[in-house]
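Colleague: Structure file data-v4.cif (mmCIF, C-alpha atoms and all ligand atoms) is given on the next line.
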```
data_query
#
loop_
_atom_site.label_atom_id
_atom_site.label_comp_id
_atom_site.auth_asym_id
_atom_site.auth_seq_id
_atom_site.Cartn_x
_atom_site.Cartn_y
_atom_site.Cartn_z
CA MET A 148 0.00 0.00 0.00
CA GLN A 149 2.96 2.34 0.62
CA ALA A 150 3.58 2.23 -3.14
CA PHE A 151 0.21 3.90 -3.71
CA VAL A 152 -0.45 6.03 -0.64
CA LYS A 153 1.81 8.68 0.85
CA PRO A 154 1.29 10.06 4.37
CA GLY A 155 -1.44 12.69 4.56
CA GLN A 156 -3.02 11.84 1.21
CA LYS A 157 -6.80 11.69 0.82
CA VAL A 158 -7.66 8.21 -0.44
CA LEU A 159 -11.13 7.53 -1.81
CA ILE A 160 -12.02 3.85 -1.48
CA LYS A 161 -14.80 3.09 -3.95
CA PRO A 162 -16.72 -0.13 -3.21
CA ASN A 163 -19.73 -1.47 -5.07
CA ALA A 164 -22.70 -0.49 -2.87
CA LEU A 165 -25.37 -1.03 -5.50
CA LEU A 166 -28.26 -1.87 -3.19
CA GLY A 167 -29.16 -2.27 0.46
CA GLN A 168 -28.54 -6.04 0.56
CA THR A 169 -26.66 -8.00 3.19
CA PRO A 170 -23.18 -9.26 2.22
CA ASP A 171 -24.35 -12.88 1.74
CA HIS A 172 -26.30 -11.78 -1.38
CA ALA A 173 -22.97 -10.98 -3.08
CA VAL A 174 -24.44 -7.81 -4.60
CA THR A 175 -21.99 -5.48 -2.85
CA THR A 176 -18.31 -5.46 -2.00
CA HIS A 177 -17.88 -7.43 1.21
CA PRO A 178 -17.33 -5.19 4.26
CA ALA A 179 -14.37 -7.34 5.35
CA VAL A 180 -12.52 -6.40 2.15
CA ILE A 181 -13.31 -2.71 2.65
CA ALA A 182 -12.16 -2.83 6.29
CA ALA A 183 -8.88 -4.51 5.32
CA VAL A 184 -8.16 -1.85 2.70
CA ILE A 185 -9.00 0.98 5.12
CA LYS A 186 -6.53 -0.44 7.64
CA ALA A 187 -3.81 -0.76 5.00
CA VAL A 188 -4.39 2.82 3.82
CA LYS A 189 -4.22 4.12 7.38
CA LYS A 190 -1.06 2.15 8.04
CA ALA A 191 0.50 3.86 5.02
CA GLY A 192 -0.47 7.22 6.59
CA GLY A 193 -3.42 8.00 4.29
CA ILE A 194 -6.83 9.38 5.16
CA ALA A 195 -9.28 6.61 4.25
CA LEU A 196 -12.56 7.91 2.80
CA VAL A 197 -15.23 5.48 1.60
CA GLY A 198 -17.98 6.53 -0.78
CA ASP A 199 -20.35 5.27 -3.44
CA SER A 200 -23.66 6.24 -4.95
CA PRO A 201 -26.15 3.34 -4.83
CA GLY A 202 -28.22 2.63 -7.93
CA ASN A 203 -31.45 3.72 -6.28
CA ALA A 204 -31.31 7.52 -6.16
CA HIS A 205 -34.27 7.58 -3.77
CA SER A 206 -32.59 5.28 -1.33
CA ASN A 207 -31.60 6.47 2.04
CA VAL A 208 -27.87 6.15 1.42
CA PRO A 209 -26.84 5.85 5.12
CA GLU A 210 -29.43 3.09 5.47
CA THR A 211 -28.12 1.32 2.35
CA MET A 212 -24.60 1.56 3.70
CA GLU A 213 -25.81 0.11 6.99
CA LYS A 214 -27.66 -2.82 5.38
CA THR A 215 -24.63 -3.75 3.33
CA GLY A 216 -22.47 -3.72 6.48
CA ILE A 217 -20.22 -1.09 4.90
CA LYS A 218 -21.01 1.68 7.39
CA GLN A 219 -20.11 -0.48 10.38
CA ALA A 220 -16.94 -1.77 8.69
CA VAL A 221 -15.81 1.78 7.92
CA LYS A 222 -16.41 2.88 11.51
CA GLU A 223 -14.66 -0.12 13.03
CA ALA A 224 -11.65 0.15 10.73
CA GLY A 225 -11.28 3.90 11.38
CA GLY A 226 -12.30 5.20 7.96
CA ILE A 227 -14.61 8.08 7.08
CA MET A 228 -17.88 7.63 5.13
CA VAL A 229 -18.48 10.25 2.46
CA TYR A 230 -21.95 10.70 1.02
CA PHE A 231 -21.65 11.89 -2.56
CA GLN A 232 -25.14 13.39 -2.64
CA HIS A 233 -24.11 15.97 0.02
CA GLU A 234 -20.69 16.82 -1.39
CA GLY A 235 -21.57 18.42 -4.71
CA ILE A 236 -20.89 17.55 -8.32
CA VAL A 237 -18.52 18.97 -10.90
CA PRO A 238 -19.44 18.84 -14.61
CA VAL A 239 -16.43 17.46 -16.47
CA PRO A 240 -16.22 17.41 -20.30
CA SER A 241 -16.18 13.97 -21.90
CA PRO A 242 -12.49 13.10 -22.44
CA SER A 243 -13.41 11.28 -25.65
CA GLY A 244 -15.43 14.24 -26.95
CA ASN A 245 -18.56 12.06 -26.85
CA ARG A 246 -21.32 14.16 -28.38
CA ARG A 247 -24.09 11.98 -26.94
CA LEU A 248 -23.07 12.84 -23.38
CA PRO A 249 -20.58 15.73 -23.52
CA LEU A 250 -20.64 16.59 -19.79
CA LEU A 251 -20.36 14.14 -16.92
CA ASN A 252 -21.46 15.21 -13.45
CA ILE A 253 -18.81 13.68 -11.23
CA ALA A 254 -19.07 13.59 -7.43
CA LYS A 255 -16.62 16.13 -6.03
CA PRO A 256 -14.92 13.77 -3.54
CA ALA A 257 -13.80 11.57 -6.45
CA LEU A 258 -12.10 14.58 -8.09
CA ASP A 259 -10.68 15.89 -4.83
CA ALA A 260 -9.07 12.58 -3.82
CA ASP A 261 -5.30 12.25 -4.16
CA VAL A 262 -5.64 8.52 -4.75
CA ILE A 263 -8.58 6.32 -5.70
CA ILE A 264 -8.72 2.66 -4.75
CA ASN A 265 -11.44 0.80 -6.61
CA LEU A 266 -13.08 -2.21 -4.94
CA PRO A 267 -15.48 -3.84 -7.42
CA LYS A 268 -17.32 -7.13 -6.95
CA LEU A 269 -17.00 -9.94 -9.50
CA LYS A 270 -20.46 -10.18 -11.06
CA THR A 271 -22.33 -10.81 -14.26
CA HIS A 272 -24.45 -7.95 -15.64
CA ASN A 273 -27.56 -8.15 -17.79
CA LEU A 274 -26.72 -5.04 -19.78
CA THR A 275 -22.93 -5.16 -19.99
CA LEU A 276 -22.46 -8.97 -19.53
CA TYR A 277 -19.82 -8.43 -16.85
CA THR A 278 -19.27 -5.74 -14.24
CA GLY A 279 -15.87 -5.10 -12.73
CA ALA A 280 -13.18 -2.45 -12.46
CA ILE A 281 -14.28 -0.06 -15.20
CA LYS A 282 -18.04 -0.31 -14.63
CA ASN A 283 -17.66 0.15 -10.86
CA MET A 284 -16.57 3.74 -11.39
CA PHE A 285 -20.09 4.57 -12.65
CA GLY A 286 -20.87 5.02 -8.93
CA VAL A 287 -19.07 8.39 -8.87
CA ILE A 288 -22.10 9.75 -10.73
CA PRO A 289 -24.53 10.57 -7.93
CA GLY A 290 -28.20 9.57 -7.93
CA PHE A 291 -30.48 10.68 -10.72
CA ASN A 292 -27.62 11.82 -12.91
CA LYS A 293 -27.18 8.15 -13.83
CA SER A 294 -30.52 7.86 -15.67
CA SER A 295 -29.48 9.95 -18.64
CA PHE A 296 -26.63 7.50 -19.32
CA HIS A 297 -29.23 4.87 -20.17
CA THR A 298 -31.65 7.00 -22.17
CA ILE A 299 -28.90 8.60 -24.23
CA ASN A 300 -27.03 5.30 -24.68
CA PRO A 301 -29.62 2.49 -24.89
CA ARG A 302 -27.14 0.19 -26.65
CA PRO A 303 -24.48 -1.37 -24.40
CA ARG A 304 -21.80 -0.45 -26.93
CA ASP A 305 -22.67 3.27 -26.64
CA PHE A 306 -23.20 3.01 -22.88
CA ALA A 307 -19.63 1.69 -22.61
CA VAL A 308 -18.26 4.90 -24.19
CA SER A 309 -19.70 6.99 -21.34
CA ILE A 310 -18.62 4.48 -18.69
CA VAL A 311 -15.06 4.56 -20.00
CA ASP A 312 -15.22 8.38 -20.00
CA ILE A 313 -15.87 8.20 -16.25
CA TYR A 314 -13.10 5.66 -15.73
CA GLN A 315 -10.71 7.89 -17.64
CA ILE A 316 -11.60 10.95 -15.54
CA VAL A 317 -11.29 9.22 -12.17
CA LYS A 318 -8.79 6.49 -13.01
CA PRO A 319 -8.02 4.44 -9.91
CA ALA A 320 -4.41 3.93 -8.86
CA LEU A 321 -5.24 0.43 -7.68
CA THR A 322 -8.16 -1.92 -8.18
CA ILE A 323 -8.84 -4.87 -5.90
CA MET A 324 -11.59 -7.19 -7.09
CA ASP A 325 -13.66 -8.87 -4.40
CA ALA A 326 -14.06 -12.27 -6.02
CA VAL A 327 -14.23 -14.29 -2.81
CA VAL A 328 -17.91 -14.88 -3.50
CA GLY A 329 -19.09 -13.48 -6.82
CA MET A 330 -22.40 -13.48 -8.65
CA GLU A 331 -23.48 -15.58 -11.63
CA GLY A 332 -26.66 -15.57 -13.72
CA PRO A 333 -28.85 -12.46 -14.02
CA GLY A 334 -26.58 -9.98 -12.21
CA PRO A 335 -25.71 -7.46 -10.98
CA ALA A 336 -28.43 -7.71 -8.31
CA ASN A 337 -30.59 -10.75 -8.91
CA GLY A 338 -28.12 -13.45 -9.81
CA GLN A 339 -26.91 -16.24 -7.55
CA PRO A 340 -23.90 -15.94 -5.25
CA ARG A 341 -21.12 -18.35 -6.17
CA LYS A 342 -17.82 -19.00 -4.48
CA PHE A 343 -14.86 -17.95 -6.57
CA GLY A 344 -12.33 -17.83 -3.77
CA ALA A 345 -9.95 -15.05 -4.83
CA LEU A 346 -8.97 -11.43 -4.48
CA LEU A 347 -7.42 -10.07 -7.67
CA ALA A 348 -5.56 -6.79 -7.84
CA SER A 349 -3.92 -4.63 -10.47
CA THR A 350 -2.80 -1.10 -11.16
CA ASP A 351 -4.39 -1.63 -14.59
CA GLY A 352 -8.16 -2.00 -14.12
CA VAL A 353 -8.57 -2.80 -17.82
CA ALA A 354 -6.18 -5.76 -17.55
CA LEU A 355 -7.95 -6.84 -14.38
CA ASP A 356 -11.29 -6.80 -16.22
CA ALA A 357 -9.79 -8.75 -19.12
CA VAL A 358 -8.53 -11.40 -16.71
CA CYS A 359 -11.63 -11.56 -14.51
CA SER A 360 -14.07 -11.73 -17.42
CA ASP A 361 -11.95 -14.51 -18.96
CA LEU A 362 -12.01 -16.39 -15.66
CA ILE A 363 -15.81 -16.50 -15.74
CA GLY A 364 -16.09 -17.63 -19.34
CA HIS A 365 -16.08 -14.45 -21.44
CA ARG A 366 -13.64 -13.43 -24.11
CA PRO A 367 -12.26 -10.01 -23.04
CA GLY A 368 -13.20 -8.73 -26.52
CA GLU A 369 -16.90 -9.38 -25.73
CA ILE A 370 -16.89 -6.75 -22.98
CA PHE A 371 -17.50 -3.33 -24.51
CA THR A 372 -16.00 -1.37 -21.63
CA THR A 373 -12.76 -3.36 -21.93
CA VAL A 374 -12.59 -2.91 -25.70
CA GLU A 375 -13.31 0.83 -25.50
CA ALA A 376 -10.71 1.36 -22.74
CA VAL A 377 -8.08 -0.49 -24.76
CA ARG A 378 -8.94 1.55 -27.86
CA ARG A 379 -8.10 4.67 -25.83
CA GLY A 380 -4.83 3.22 -24.53
CA LEU A 381 -6.06 3.03 -20.94
CA GLY A 382 -4.89 -0.53 -20.37
CA GLU A 383 -4.21 -3.97 -21.71
CA MET A 384 -6.61 -6.79 -22.61
CA ASP A 385 -4.29 -9.21 -24.37
CA LEU A 386 -3.95 -12.00 -21.81
CA ALA A 387 -0.61 -13.03 -23.30
CA ARG A 388 0.78 -9.60 -22.46
CA ILE A 389 -0.56 -9.44 -18.89
CA GLU A 390 1.81 -10.64 -16.20
CA ILE A 391 -0.04 -12.87 -13.75
CA VAL A 392 1.42 -13.48 -10.32
CA GLY A 393 0.17 -15.41 -7.29
CA ALA A 394 -1.92 -18.05 -9.04
CA ARG A 395 -2.29 -19.59 -12.47
CA LEU A 396 -5.38 -18.59 -14.43
CA ASP A 397 -6.29 -22.22 -15.13
CA GLU A 398 -6.35 -22.85 -11.36
CA LEU A 399 -8.91 -20.09 -10.90
CA ARG A 400 -11.01 -20.34 -14.07
CA GLN A 401 -14.70 -21.30 -13.66
CA ALA A 402 -15.79 -21.53 -17.29
CA ASP A 403 -19.26 -22.82 -16.35
CA TRP A 404 -20.08 -19.55 -14.53
CA LYS A 405 -23.67 -18.83 -15.55
CA LYS A 406 -23.95 -15.89 -17.93
CA ALA A 407 -26.27 -12.90 -17.65
CA PHE A 408 -29.08 -12.43 -20.15
CA ASN A 409 -27.86 -10.97 -23.40
CA SER A 410 -29.84 -10.86 -26.58
CA GLN A 411 -28.12 -7.84 -28.06
CA GLY A 412 -24.72 -9.35 -28.72
CA PHE A 413 -24.43 -9.07 -32.48
CA ILE A 414 -26.79 -6.07 -32.72
CA ASN A 415 -24.27 -4.01 -30.83
CA TRP A 416 -21.73 -4.38 -33.57
CA LEU A 417 -24.02 -3.03 -36.28
CA PRO A 418 -23.14 0.45 -37.54
CA ASP A 419 -25.68 3.12 -36.49
CA PHE A 420 -27.49 3.32 -39.84
CA LEU A 421 -28.01 -0.48 -39.96
CA PHE A 422 -29.02 -0.52 -36.31
CA ASN A 423 -31.69 2.11 -37.00
CA LEU A 424 -32.88 0.27 -40.13
CA ALA A 425 -33.10 -2.96 -38.16
CA ALA A 426 -35.03 -1.33 -35.30
CA PRO A 427 -38.25 -3.36 -35.76
CA ILE A 428 -36.28 -6.64 -35.72
CA VAL A 429 -34.17 -5.41 -32.84
CA LYS A 430 -37.40 -4.89 -30.86
CA GLN A 431 -38.19 -8.57 -31.35
CA LEU A 432 -34.70 -9.61 -30.31
CA THR A 433 -34.76 -7.82 -27.01
CA ILE A 434 -35.38 -9.14 -23.53
CA TYR A 435 -37.98 -7.18 -21.59
CA PRO A 436 -38.69 -6.90 -17.87
CA VAL A 437 -42.02 -8.11 -16.52
CA ILE A 438 -43.39 -7.47 -13.05
CA ASP A 439 -44.43 -10.46 -10.96
CA GLN A 440 -47.57 -9.05 -9.32
CA GLU A 441 -47.47 -11.65 -6.54
CA LYS A 442 -44.10 -10.38 -5.38
CA CYS A 443 -44.51 -6.66 -6.12
CA THR A 444 -44.91 -4.58 -2.95
CA GLN A 445 -45.52 -1.38 -4.95
CA CYS A 446 -42.52 0.28 -3.37
CA LEU A 447 -42.28 2.24 -6.68
CA THR A 448 -38.49 2.18 -6.85
CA CYS A 449 -38.67 0.95 -10.46
CA PHE A 450 -41.34 3.53 -11.33
CA ARG A 451 -39.18 6.38 -10.03
CA HIS A 452 -35.97 5.23 -11.71
CA CYS A 453 -37.07 4.06 -15.13
CA PRO A 454 -35.06 6.36 -17.43
CA ALA A 455 -37.60 5.84 -20.26
CA LYS A 456 -40.56 6.59 -17.95
CA THR A 457 -42.35 3.53 -19.19
CA ILE A 458 -43.40 2.00 -15.88
CA VAL A 459 -47.00 2.71 -14.99
CA HIS A 460 -48.42 3.00 -11.49
CA ASP A 461 -52.14 2.46 -11.93
CA GLN A 462 -53.52 3.57 -8.59
CA GLU A 463 -57.10 2.70 -9.47
CA ALA A 464 -56.25 -0.87 -10.39
CA ASN A 465 -53.65 -0.91 -7.61
CA VAL A 466 -50.95 -2.29 -9.87
CA VAL A 467 -47.51 -1.41 -11.25
CA TRP A 468 -46.84 -2.56 -14.79
CA ILE A 469 -44.38 -2.01 -17.64
CA ASP A 470 -45.42 -0.58 -20.98
CA LYS A 471 -42.92 -2.31 -23.30
CA LYS A 472 -43.39 0.17 -26.16
CA LYS A 473 -40.89 2.69 -24.77
CA CYS A 474 -38.72 0.25 -22.82
CA ILE A 475 -35.04 0.54 -23.74
CA SER A 476 -34.07 -2.71 -21.94
CA CYS A 477 -31.61 -0.98 -19.66
CA PHE A 478 -32.63 -3.39 -16.84
CA CYS A 479 -32.33 -0.67 -14.19
CA CYS A 480 -35.71 -1.78 -12.79
CA HIS A 481 -34.53 -5.39 -12.55
CA GLU A 482 -31.32 -4.22 -10.90
CA LEU A 483 -33.06 -2.03 -8.34
CA CYS A 484 -36.06 -4.13 -7.28
CA GLU A 485 -35.20 -5.38 -3.82
CA TYR A 486 -38.14 -7.81 -3.83
CA ASP A 487 -37.04 -9.90 -6.82
CA ALA A 488 -40.37 -8.98 -8.40
CA ILE A 489 -39.04 -8.25 -11.89
CA LYS A 490 -38.33 -11.10 -14.25
CA LEU A 491 -36.67 -10.84 -17.64
CA ASP A 492 -38.77 -12.21 -20.42
CA ARG A 493 -37.32 -13.45 -23.71
CA SER A 494 -39.36 -12.66 -26.81
CA TRP A 495 -40.53 -15.60 -28.99
CA LEU A 496 -37.76 -14.81 -31.49
CA VAL A 497 -35.06 -14.77 -28.83
CA ARG A 498 -36.31 -18.14 -27.56
CA LEU A 499 -36.48 -19.52 -31.09
CA LEU A 500 -32.92 -18.43 -31.88
CA GLY A 501 -31.68 -19.60 -28.51
CA LEU A 502 -30.23 -16.15 -27.68
CA GLY A 503 -30.03 -14.51 -24.27
S1 LIG A 601 -41.58 -4.28 -9.18
FE1 LIG A 601 -40.17 -4.18 -7.44
S2 LIG A 601 -39.33 -2.10 -7.51
FE2 LIG A 601 -41.16 -2.11 -8.80
S3 LIG A 601 -42.81 -1.42 -7.44
FE3 LIG A 601 -42.80 -3.66 -7.41
S4 LIG A 601 -41.52 -4.21 -5.66
FE4 LIG A 601 -41.10 -2.05 -6.11
S1 LIG A 602 -38.91 -0.66 -17.83
FE1 LIG A 602 -37.00 -1.26 -16.85
S2 LIG A 602 -35.74 -2.00 -18.54
FE2 LIG A 602 -37.41 -0.82 -19.47
S3 LIG A 602 -36.58 1.25 -19.67
FE3 LIG A 602 -37.64 1.17 -17.70
S4 LIG A 602 -36.04 0.66 -16.20
FE4 LIG A 602 -35.22 0.18 -18.25
#
```
Spell out the structure here as C-alpha cells.

Modeller:
Amino acid sequence: MQAFVKPGQKVLIKPNALLGQTPDHAVTTHPAVIAAVIKAVKKAGGIALVGDSPGNAHSNVPETMEKTGIKQAVKEAGGIMVYFQHEGIVPVPSPSGNRRLPLLNIAKPALDADVIINLPKLKTHNLTLYTGAIKNMFGVIPGFNKSSFHTINPRPRDFAVSIVDIYQIVKPALTIMDAVVGMEGPGPANGQPRKFGALLASTDGVALDAVCSDLIGHRPGEIFTTVEAVRRGLGEMDLARIEIVGARLDELRQADWKKAFNSQGFINWLPDFLFNLAAPIVKQLTIYPVIDQEKCTQCLTCFRHCPAKTIVHDQEANVVWIDKKKCISCFCCHELCEYDAIKLDRSWLVRLLGLG
C-alpha cells in the first residue's frame, strides 16, 4: 500500500454499494474487504474515505450503507464515510469528446481525492455482460444523474463509451476485485452468489477486467468497456501480455459460470445506420422486464428510476406494470427491485434463436 499512498493523502475507497442487501447476497463489496483496505491505507499514513452512490437515487444512502455492512466496517476500521449526494458535483467534459453525453457530473470527492482505490465485486451484468473495475466507477455519478446515461445510450456499446469516460476521468491507482464470493446468472443484483475464492488486484483495471471476465467464461473482446478502454490506450486486454502473479489462471477459471441475459450481442456491432434500419427486428430480439404481481410490494423504486418513464403506477387498479413500447431494456428496474419482483422475459424470437 505504501507504493500507492503517501502520508497525509486523501484516499477515496470506492466499493460497489449497488443496493441495500446484506453481504451474503454478493451484490456489494464485502465489508471485510473494505475494512482490510481501510486499515492498510491508514497504516500507510493515508486518510481513508469510503464513498459510493447506490443505484437507487431515492434510497436512504446511510441506510443502504448500513444494510450492506459497509457503514459499520468503515467505523470499526477507522475510515470516514463520504456521502456523494451531500458533497456536490462537478461537470467534467467527456475526455473522448462524446457528443451523446458531452458533460459528466462527477461527485466532487472523487475529483478531490489524491488517490482512488477501486473495490469492485466480481459479477455478471444483464446489460454489460460483466461488471468489474471499469463499470464500478459509474458510482461516482450521484443519484439521478445516472438515468441519462441509459436514455442517451440504450445500446451497451454506446453506454460503454460513457462508462469509460468516467473511468478515464477518475482512473483508480489500484483496483482490488472482491471475487471471494461473486455473482453468476442475471446480475448485478438478482443473480446467484457463487464462491470464486480469490482477491485479484492490479494497477491496470482494464487488464484486471480482461482477466476476470476470462475467468468467468467471457472473451475479453466481448466486454465493450474493456474494448473501449483499450482503444483509448487506458490498459491492456491481451492475456498473453498481462503478467499474472500469485496463481495460475487455469487454477482459478470457472468456465461454467452462468452468464447474464444478453440478446443484443451481435446487434451491438451493427453500424448506427443499420441498427436504425433494423429497429423493428431489434425490438423482437430484445429481452424485456415483466413485473411479478405476486411479489410486487408497490414500493415504486422501479417507477421512479425508469429512465424511459415507461413504468405505470395504476392507482385505481392498484398495480404497477411495464409498458414495453418505450422500454429501452436498460434493466435498471430489474437491478433495483429489492423484492425480486421483476423477471426478464425473452421474446418468442429470442427463444427460437436460442439467444439470451
Ligand atoms: S416491481 Fe419491485 S421495484 Fe417495482 S414497485 Fe414492485 S416491488 Fe417495487
Ligand atoms: S422498464 Fe426497466 S428496462 Fe425498461 S426502460 Fe424502464 S427501467 Fe429500463

Colleague: Write as a PyMOL selection string the residues around ligand LIG 601 (chain A), taking 8 Å as the cut-off and counting all atoms listed in the file.

Modeller: chain A and resi 438-440+442-450+467-468+480-481+483-489

Colleague: Would you mind listing the residues within 7 Å of ligand LIG 602 (chain A), counting all atoms listed in the file, as a PyMOL selection string?

Modeller: chain A and resi 435-436+449+452-458+469+471+473-481

Colleague: Please report the interatomic distance between CA of Pro238 in chain A and CA of Leu166 in chain A in Å with one decimal.

Modeller: 25.2 Å

Colleague: Figure out the distance between CA of Asn203 in chain A and CA of His233 in chain A, please, to one decimal in Å.

Modeller: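 Separation between CA of His233 in chain A and CA of Asn203 in chain A: 15.6 Å.
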
Colleague: Ranking A:Val437, A:Leu321, A:Val237, A:Leu269 by minimum distance to Asp356 in chain A and counting all atoms listed in the file, which one comes first?

Modeller: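 For Asp356 in chain A, the nearest of the candidates is A:Leu269.
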
Colleague: Between A:Leu248, A:Ala164, A:Ala173, A:Ala394, which has the minimum distance to Lys218 in chain A (counting all atoms listed in the file)?

Modeller: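 Nearest candidate to Lys218 in chain A out of A:Leu248, A:Ala164, A:Ala173, A:Ala394: A:Ala164.
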
Colleague: Hey, which of A:Pro256, A:Arg247, A:Glu213, A:Ile181 ends up closest to Thr298 in chain A? Count all atoms listed in the file.

Modeller: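 So, comparing all the options, the nearest one is A:Arg247.
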
Colleague: Just give me the gap between CA of Asp261 in chain A and CA of Pro162 in chain A in Å, one decimal is fine.

Modeller: 16.9 Å

Colleague: Using only C-alpha atoms for the distances, tell me which of A:Phe422, A:Phe306, A:Tyr314, A:Phe231 is nearest to Asn265 in chain A.

Modeller: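 Ranking A:Phe422, A:Phe306, A:Tyr314, A:Phe231 by distance to Asn265 in chain A, first place goes to A:Tyr314.
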
Colleague: Taking (-23.0, -11.5, -3.4) as a centre in this file's frame and 7 Å as the limit, can you find every polymer residue with an atom that close, using all atoms listed in the file, and give them as a list of chain:residue names?

Modeller: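 Every polymer residue passing the test: A:Pro170, A:Asp171, A:His172, A:Ala173, A:Val174, A:Thr175, A:Val328, A:Gly329, A:Met330, A:Pro340.
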
Colleague: Point out the residue among A:Tyr277, A:Leu258, A:Thr433, A:Asp305 with the least atom-to-atom distance to Arg366 in chain A, counting only C-alpha atoms.

Modeller: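 With only C-alpha atoms as the atom set, the closest residue is A:Tyr277.
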
Colleague: Could you tell me which of A:Ile263, A:Val317, A:Ile389, A:Val353 comes closest to Val239 in chain A if we count only C-alpha atoms?

Modeller: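 Result for the nearest residue to Val239 in chain A: A:Val317.
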
Colleague: Dump as JSON lines the rows for residues of range 208-290 of chain A within 10 Å of range 196-200 of chain A: closest atom pair and distance in Å with one decimal, all atoms listed in the file counted, ordered by chain and rising residue number.

Modeller:
```
{"residue": "A:Val208", "atom": "CA", "partner": "A:Ser200", "partner_atom": "CA", "distance": 7.6}
{"residue": "A:Thr211", "atom": "CA", "partner": "A:Ser200", "partner_atom": "CA", "distance": 9.9}
{"residue": "A:Met212", "atom": "CA", "partner": "A:Asp199", "partner_atom": "CA", "distance": 9.1}
{"residue": "A:Ile217", "atom": "CA", "partner": "A:Val197", "partner_atom": "CA", "distance": 8.9}
{"residue": "A:Lys218", "atom": "CA", "partner": "A:Val197", "partner_atom": "CA", "distance": 9.0}
{"residue": "A:Val221", "atom": "CA", "partner": "A:Val197", "partner_atom": "CA", "distance": 7.3}
{"residue": "A:Gly225", "atom": "CA", "partner": "A:Leu196", "partner_atom": "CA", "distance": 9.6}
{"residue": "A:Gly226", "atom": "CA", "partner": "A:Leu196", "partner_atom": "CA", "distance": 5.8}
{"residue": "A:Ile227", "atom": "CA", "partner": "A:Leu196", "partner_atom": "CA", "distance": 4.7}
{"residue": "A:Met228", "atom": "CA", "partner": "A:Val197", "partner_atom": "CA", "distance": 4.9}
{"residue": "A:Val229", "atom": "CA", "partner": "A:Gly198", "partner_atom": "CA", "distance": 5.0}
{"residue": "A:Tyr230", "atom": "CA", "partner": "A:Gly198", "partner_atom": "CA", "distance": 6.0}
{"residue": "A:Phe231", "atom": "CA", "partner": "A:Ser200", "partner_atom": "CA", "distance": 6.5}
{"residue": "A:Gln232", "atom": "CA", "partner": "A:Ser200", "partner_atom": "CA", "distance": 7.7}
{"residue": "A:Ala254", "atom": "CA", "partner": "A:Ser200", "partner_atom": "CA", "distance": 9.0}
{"residue": "A:Pro256", "atom": "CA", "partner": "A:Gly198", "partner_atom": "CA", "distance": 8.3}
{"residue": "A:Ala257", "atom": "CA", "partner": "A:Gly198", "partner_atom": "CA", "distance": 8.7}
{"residue": "A:Ala260", "atom": "CA", "partner": "A:Leu196", "partner_atom": "CA", "distance": 8.8}
{"residue": "A:Ile263", "atom": "CA", "partner": "A:Leu196", "partner_atom": "CA", "distance": 9.5}
{"residue": "A:Ile264", "atom": "CA", "partner": "A:Val197", "partner_atom": "CA", "distance": 9.5}
{"residue": "A:Asn283", "atom": "CA", "partner": "A:Asp199", "partner_atom": "CA", "distance": 9.4}
{"residue": "A:Met284", "atom": "CA", "partner": "A:Asp199", "partner_atom": "CA", "distance": 8.9}
{"residue": "A:Phe285", "atom": "CA", "partner": "A:Ser200", "partner_atom": "CA", "distance": 8.7}
{"residue": "A:Gly286", "atom": "CA", "partner": "A:Ser200", "partner_atom": "CA", "distance": 5.0}
{"residue": "A:Val287", "atom": "CA", "partner": "A:Asp199", "partner_atom": "CA", "distance": 6.4}
{"residue": "A:Ile288", "atom": "CA", "partner": "A:Ser200", "partner_atom": "CA", "distance": 6.9}
{"residue": "A:Pro289", "atom": "CA", "partner": "A:Ser200", "partner_atom": "CA", "distance": 5.3}
{"residue": "A:Gly290", "atom": "CA", "partner": "A:Ser200", "partner_atom": "CA", "distance": 6.4}
```
